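Asks: Okay, here's the structure, questions in a sec.
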Amino acid sequence: MIDLQKELNPMQAKAASTIDGPVLILAGAGSGKTRTIVYRMAHLIESGINPWNIMALTFTNKAAKEMKTRVEAMLPGEASSIWVSTFHSTCLRIMFRFAESLGYTSSFEIADASDQKSIMKDVYKRLEIDPKMYPMKRIQNAISSAKDELKDEEDYAAENRDDFGKEVYIEVYREYQKTLRKNNSMDFDDLIMNTVRLFRENKEALEYYQERFKYIMVDEYQDTNTAQFEMIRLLAGKYRNLCVVGDDDQSIYRFRGANIYNILDFEKEYKDALVIKLEENYRSTGRILDAANAVIAHNTERKNKKLWTAHPEGSLIKFRQLDSAISEASFIADDIKTKVGTGGYNYGDCAILIRTNVQSKELEDAFRVRGIDYDLVKGLRFWDTKVIKDLSSYLLTVADGLNDMRTLRVINVPKRGIGASSVEKAVVFGAVNDISLLEIAGDAMRVPGMPSKAANAMKTFYDMIMSIRADMKGKKLSEILDEIIEKTAYMDYLVGETETKEKYAEAVEYIDKLRETLDIYEEDTDEPDLVDFMRQNGVEGNALDKTGESDEKDKVLIMTMHNAKGLEFPCVYISGAEDGLFPSYMSLNSDDEMAVEEERRLCYVAITRAEKELMITAARQRMINGETRYSNVSRFIREIPIGLMDMNVTAAPAAPKDKPDYNNREIAARAFSAPPSALSPGFKKRTLQEPPKELNYGEGDRVLHFKFGTGTVKSIVSGGRDFEVTVEFDSGETKKMFAGFAKLKKV
DNA sequence: TACTGGATTATTTTT
DNA sequence: TAATCCAGTA
């Protein structure tokens with residue numbers, strides 16, 4: 001029997017031992033959240049609950065895997081039938097059973113980011129929409145948000161019926177869904193939305209899963225969107241044994257649809273909920289936590305919580321403001337080098353957290369020059385790699401060829417003389433006559449206006465696919481892959497595609513990995529099937545574990561703050577702590593105050609990654625988007641009490657010209673100012689701290705915004721250092737913006 | 001059909 | 001700055 005009281009602290013034990021009814025665990029950073037969940041699951045099983053009836057939902061496959069392994073380690077043999085899985089793979093499995101009742105075939109596929117993009121391009125072309133007027137990303141986001149809110153294309157159309165500016169959005173959404181349907185595909189958002197639809201429309205299906213999952217746990221609950229919330233609500237609707245775990249202060253994915261009110265209002269939905277706060281932190285020193293607490297206290301929309309620790313105070317948080325991004329990077333690299341040389345740390349103990357990916361360049365240079373091993377944790381994942389996309393598209397085309405998106409991707413890769421215009425003719429012909437692109441390729445001469453050269457090339461392509469397909473019987477999947485590579489001369493093509501030897505070697509490595517993944521899948525699966533394989537990996541696939549590799553190799557890690565969530569490091573560097581970068585000027589410019597609060601939560605996440613040492617750096621001057629920008633120290637850093645900081649500034653700061661109020665503390669004012677140093681000749685050109693003294697437009701004037709188009713100025717408020725201009729754009733949107741940023745032109 | 005150069009544009013991204 | 005996209009050309 002597991003002794004919860006002995007293994008856990010009183011709050012954790014209470015959380016783990018409460019079996020029935022709704023439970024909200026507010027788990028602060030580093031408070032032993034995973035431990036608590038794992039013990040709770042083990043406890044459920046020990047209490048006699050059938051593991052088969054227990055479900056835990058996570059967001060990442062990594063988290064799911066970790067949780068499962070740990071429970072299994074505690075109760076060997078008993079825990080194997082618990083369902084621990086991500087939202088998306090859970091929905092995928094449910095959809096696999098019920099896809100037909102929703103009008104898909106059971107061999108439906110997953111449209112990933114690149115598929116979505118190509119569908120969007122196609123839709124824009126068909127509807128003759130100008131991407132300049134309607135940036136693709138914006139409509140894509142709108143569609144995704146709509147799905148996150150459980151609005152299908154008709155709900156969306158109805159809701160925006162009177163909104164003239166949304167007409168195009170409605171059309172694109174409709175056409176986008178139509179294309180997905182035509183390709184028998186769901187995007188990630190569809191997986192969730194369709195599951196909810198299934199639960200709502202099909203009583204039997206819902207009841208089946210309600211009976212199956214009598215005990216439900218949800219990890220990272222603050223990141224759930226409305227669709228996921230509803231899915232959980234329906235599933236838990238019968239037994240109400242729902243335990244959600246999360247931290248409202250770590251909600252940083254609003255831009256992806258996460259709805260922080262799911263966690264903030266949990267007790268409204270579940271009035272009898274038991275709420276438990278885990279506030280003891282086992283990760284960081286006292287000062288680091290004090291800083292984190294001080295920063296996050298500036299947010300209004302949050303649960304009252306305060307991290308504390310039994311750990312010692314630790315060293316002061318160090319802050320340095322450097323003249324440029326380059327000297328900032330050098331400073332960090334030097335500091336790490338000294339730390340490793342003298343302080344008993346390894347390179348692998350150090351992580352640099354950045355707000356945006358572009359910040360990595362200077363850091364990489366600095367490390368390379370010094371010969372320090374580093375690893376950039378990048379967003380690009382295995383299944384998004386070009387090589388893997390190409391080859392998996394080939395595999396699917398060979399497997400069934402029903403998905404035009406896949407065929408489209410490979411029909412001219414490597415180049416075989418089939419041009420874009422010929423492909424387009426074929427696709428249009430296919431759409432009209434309801435034939436797949438692959439089938440057309442077999443006899444392209446029937447397409448009106450098809451040049452015979454292209455038709456011949458298509459025929460060659462078709463014959464090749466067909467011969468591989470005919471040859472499939474009795475072959476291993478990886479052998480089919482090899483045949484594709486051979487028949488397409490893909491390796492030769494790769495040589496031309498990759499600029500460097502290293503890039504080529506990397507691509508080869510990826511292909512080997514794909515081969516290996518295919519073999520593993522084939523071994524573990526009763527009825528191996530390529531469509532099933534691709535679908536699984538579309539949702540679960542993240543085969544290249546970059547972080548795992550670098551752990552062994554003792555490398556400094558560079559990553560975005562978002563990527564750092566859930567991780568911890570002895571030494572953390574927060575780089576680029578500047579207003580306009582962090583918080584981003586997007587959020588500063590936003591008409592929604594919640595935007596800056598979200599960035600502040602990101603700051604809280606970043607700070608709480610640190611165990612022992614925290615260094616924060618800022619640059620006075622930085623190249624952003626090809627232009628030099630001058631910035632003040634981030635407001636978030638100014639929210640950290642001076643007493644916690646060591647601000648032994650390297651460059652002697654001049655007196656600030658217009659003093660921002662840093663709580664009247666002189667040292668702070670000096671350390672934080674961003675004096676226009678002598679090395680900034682272009683200072684007058686464009687600045688954050690030198691906005692236009694007066695505007696050449698006034699209230700009622702017509703103005704042009706580089707992004708939003710033309711509009712009418714509603715009001716101008718002088719906000720001290722800049723003017724806050726409210727403009728009603730012709731699209732119907734009203735935006736508040738700072739004149740210094742918006743660069744409005746009078747028309 | 002394939003390539004090149006000029007214009008354009010710009011957070012964060014567990015699935 | 002750097003990546004991406006399209007138009008015009010070979």
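Going by the structure tokens order, chains are called A, B, ..., each with residues numbered from 1, while ligands are numbered from 1 in the order shown.
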With only C-alpha atoms (C1' of nucleotides) counted and 7 Å as the cut-off, give the residues of chain B in contact with chain A, each with its shortest interatomic distance in Å and the pair that gives it, as a Markdown table.

Replies:
```
| residue | atom | partner | partner_atom | distance |
| --- | --- | --- | --- | --- |
| B:DT1 | C1' | A:Gly419 | CA | 5.7 |
| B:DA10 | C1' | A:Asn625 | CA | 6.4 |
| B:DT11 | C1' | A:Thr356 | CA | 6.1 |
| B:DT12 | C1' | A:His562 | CA | 6.6 |
| B:DT14 | C1' | A:Thr60 | CA | 4.8 |
| B:DT15 | C1' | A:His88 | CA | 6.0 |
```

Asks: Would you please extract all strand (DSSP E) residues from stretch 31-190 of chain A, as assigned by DSSP on the backbone, and give them as a list in words?

Replies: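 Of stretch 31-190 of chain A, the ones in strand (DSSP E) are Ile54, Met55, Ala56, Leu57, Thr58, Trp83, Val84, Ser85, Thr86, Glu109, Ile110, Ala111, Ser185, Met186 and Asp187 of chain A.
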
Asks: If you keep N, CA and C atoms, can you produce a file of those selected residues as a PDB file, in the first residue's frame?

Replies:
```pdb
ATOM      1  N   ILE A  54      -9.956   4.497 -15.809  1.00  0.00           N
ATOM      2  CA  ILE A  54      -9.230   5.731 -15.491  1.00  0.00           C
ATOM      3  C   ILE A  54      -8.655   6.348 -16.760  1.00  0.00           C
ATOM      4  N   MET A  55      -8.877   7.619 -16.922  1.00  0.00           N
ATOM      5  CA  MET A  55      -8.316   8.320 -18.071  1.00  0.00           C
ATOM      6  C   MET A  55      -7.564   9.567 -17.607  1.00  0.00           C
ATOM      7  N   ALA A  56      -6.424   9.795 -18.194  1.00  0.00           N
ATOM      8  CA  ALA A  56      -5.703  11.046 -17.952  1.00  0.00           C
ATOM      9  C   ALA A  56      -5.411  11.706 -19.292  1.00  0.00           C
ATOM     10  N   LEU A  57      -5.787  12.958 -19.414  1.00  0.00           N
ATOM     11  CA  LEU A  57      -5.561  13.690 -20.653  1.00  0.00           C
ATOM     12  C   LEU A  57      -4.434  14.700 -20.464  1.00  0.00           C
ATOM     13  N   THR A  58      -3.540  14.736 -21.444  1.00  0.00           N
ATOM     14  CA  THR A  58      -2.441  15.692 -21.405  1.00  0.00           C
ATOM     15  C   THR A  58      -2.420  16.454 -22.726  1.00  0.00           C
ATOM     16  N   TRP A  83      -5.729   4.735 -19.353  1.00  0.00           N
ATOM     17  CA  TRP A  83      -5.675   5.485 -20.601  1.00  0.00           C
ATOM     18  C   TRP A  83      -4.994   6.817 -20.315  1.00  0.00           C
ATOM     19  N   VAL A  84      -3.733   6.915 -20.690  1.00  0.00           N
ATOM     20  CA  VAL A  84      -3.031   8.185 -20.549  1.00  0.00           C
ATOM     21  C   VAL A  84      -2.623   8.632 -21.935  1.00  0.00           C
ATOM     22  N   SER A  85      -3.153   9.748 -22.351  1.00  0.00           N
ATOM     23  CA  SER A  85      -2.937  10.101 -23.733  1.00  0.00           C
ATOM     24  C   SER A  85      -3.268  11.576 -23.961  1.00  0.00           C
ATOM     25  N   THR A  86      -2.816  12.119 -25.077  1.00  0.00           N
ATOM     26  CA  THR A  86      -3.116  13.522 -25.347  1.00  0.00           C
ATOM     27  C   THR A  86      -4.570  13.661 -25.802  1.00  0.00           C
ATOM     28  N   GLU A 109      -7.628  11.047 -43.006  1.00  0.00           N
ATOM     29  CA  GLU A 109      -6.266  11.428 -42.685  1.00  0.00           C
ATOM     30  C   GLU A 109      -6.230  12.716 -41.877  1.00  0.00           C
ATOM     31  N   ILE A 110      -5.073  12.984 -41.324  1.00  0.00           N
ATOM     32  CA  ILE A 110      -4.890  14.205 -40.550  1.00  0.00           C
ATOM     33  C   ILE A 110      -4.202  15.247 -41.417  1.00  0.00           C
ATOM     34  N   ALA A 111      -4.788  16.418 -41.494  1.00  0.00           N
ATOM     35  CA  ALA A 111      -4.155  17.509 -42.226  1.00  0.00           C
ATOM     36  C   ALA A 111      -3.283  18.296 -41.251  1.00  0.00           C
ATOM     37  N   SER A 185     -10.136  14.397 -44.879  1.00  0.00           N
ATOM     38  CA  SER A 185      -9.160  14.784 -43.866  1.00  0.00           C
ATOM     39  C   SER A 185      -9.770  15.644 -42.776  1.00  0.00           C
ATOM     40  N   MET A 186      -9.191  15.531 -41.600  1.00  0.00           N
ATOM     41  CA  MET A 186      -9.528  16.430 -40.494  1.00  0.00           C
ATOM     42  C   MET A 186      -8.258  17.172 -40.107  1.00  0.00           C
ATOM     43  N   ASP A 187      -8.394  18.435 -39.753  1.00  0.00           N
ATOM     44  CA  ASP A 187      -7.240  19.097 -39.173  1.00  0.00           C
ATOM     45  C   ASP A 187      -7.278  18.863 -37.657  1.00  0.00           C
TER      46      ASP A 187
END
```

Asks: Would you kindly return, as a list in words, each protein, DNA or RNA residue with an atom no farther than 12 Å from any atom of B:DG6, considering only C-alpha atoms (C1' of nucleotides) and excluding same-chain residues fewer than 4 positions away?

Replies: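 Surrounding residues, per the criterion: DC5, DC6, DA7 and DG8 of chain C.
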
Asks: Give the alpha helix (DSSP H) residues of stretch 105-268 of chain A, as assigned by DSSP on the backbone, as a PyMOL selection string.

Replies: chain A and resi 113-127+136-148+153-159+167-182+188-201+203-212+226-235+261-264+266-268

Asks: Give me the residues near stretch 482-492 of chain A as an NGL selection string, where near means some atom within 9 Å (using only C-alpha atoms (C1' of nucleotides)) and where sequence neighbours in that chain fewer than 3 positions away do not count.

Replies: :A and (391 or 394-395 or 398 or 413-414 or 464-465 or 468 or 477-479 or 495-497 or 508 or 515)

Asks: Quick one: distance from atom CA of A:Thr34 to atom CA of A:Lys612 in Å, one decimal?

Replies: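 Atom CA of A:Lys612 lies at a distance of 21.2 Å from atom CA of A:Thr34.
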
Asks: Which polymer residues have any atom within 12 Å of an atom of C:DT4, counting only C-alpha atoms (C1' of nucleotides), with same-chain residues fewer than 4 positions away left out, as a PDB file with N, CA, C and O atoms (P, O5', C5', C4', C3', O3' and C1' of nucleotides), in the first residue's frame?

Replies:
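As a result, selection-v9.pdb now contains:
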```
ATOM      1  P    DA B   7      11.732  46.582 -56.338  1.00  0.00           P
ATOM      2  O5'  DA B   7      10.530  45.943 -55.527  1.00  0.00           O
ATOM      3  C5'  DA B   7       9.399  45.459 -56.223  1.00  0.00           C
ATOM      4  C4'  DA B   7       8.544  44.677 -55.263  1.00  0.00           C
ATOM      5  C3'  DA B   7       8.182  45.432 -53.986  1.00  0.00           C
ATOM      6  O3'  DA B   7       6.798  45.255 -53.795  1.00  0.00           O
ATOM      7  C1'  DA B   7       9.144  43.319 -53.448  1.00  0.00           C
ATOM      8  P    DT B   8       6.022  46.045 -52.745  1.00  0.00           P
ATOM      9  O5'  DT B   8       5.847  44.954 -51.601  1.00  0.00           O
ATOM     10  C5'  DT B   8       5.399  43.656 -51.966  1.00  0.00           C
ATOM     11  C4'  DT B   8       5.424  42.784 -50.722  1.00  0.00           C
ATOM     12  C3'  DT B   8       5.116  43.555 -49.428  1.00  0.00           C
ATOM     13  O3'  DT B   8       4.164  42.805 -48.727  1.00  0.00           O
ATOM     14  C1'  DT B   8       7.103  42.316 -49.189  1.00  0.00           C
ATOM     15  P    DT B   9       3.198  43.473 -47.732  1.00  0.00           P
ATOM     16  O5'  DT B   9       3.605  42.695 -46.411  1.00  0.00           O
ATOM     17  C5'  DT B   9       3.731  41.270 -46.498  1.00  0.00           C
ATOM     18  C4'  DT B   9       4.591  40.779 -45.355  1.00  0.00           C
ATOM     19  C3'  DT B   9       4.421  41.610 -44.090  1.00  0.00           C
ATOM     20  O3'  DT B   9       4.254  40.731 -43.015  1.00  0.00           O
ATOM     21  C1'  DT B   9       6.685  41.300 -44.551  1.00  0.00           C
ATOM     22  P    DA B  10       3.243  41.136 -41.872  1.00  0.00           P
ATOM     23  O5'  DA B  10       3.862  40.250 -40.691  1.00  0.00           O
ATOM     24  C5'  DA B  10       4.617  39.153 -41.159  1.00  0.00           C
ATOM     25  C4'  DA B  10       5.763  38.952 -40.265  1.00  0.00           C
ATOM     26  C3'  DA B  10       5.661  39.479 -38.861  1.00  0.00           C
ATOM     27  O3'  DA B  10       5.999  38.382 -38.039  1.00  0.00           O
ATOM     28  C1'  DA B  10       7.677  40.247 -39.838  1.00  0.00           C
TER      29       DA B  10
END
```
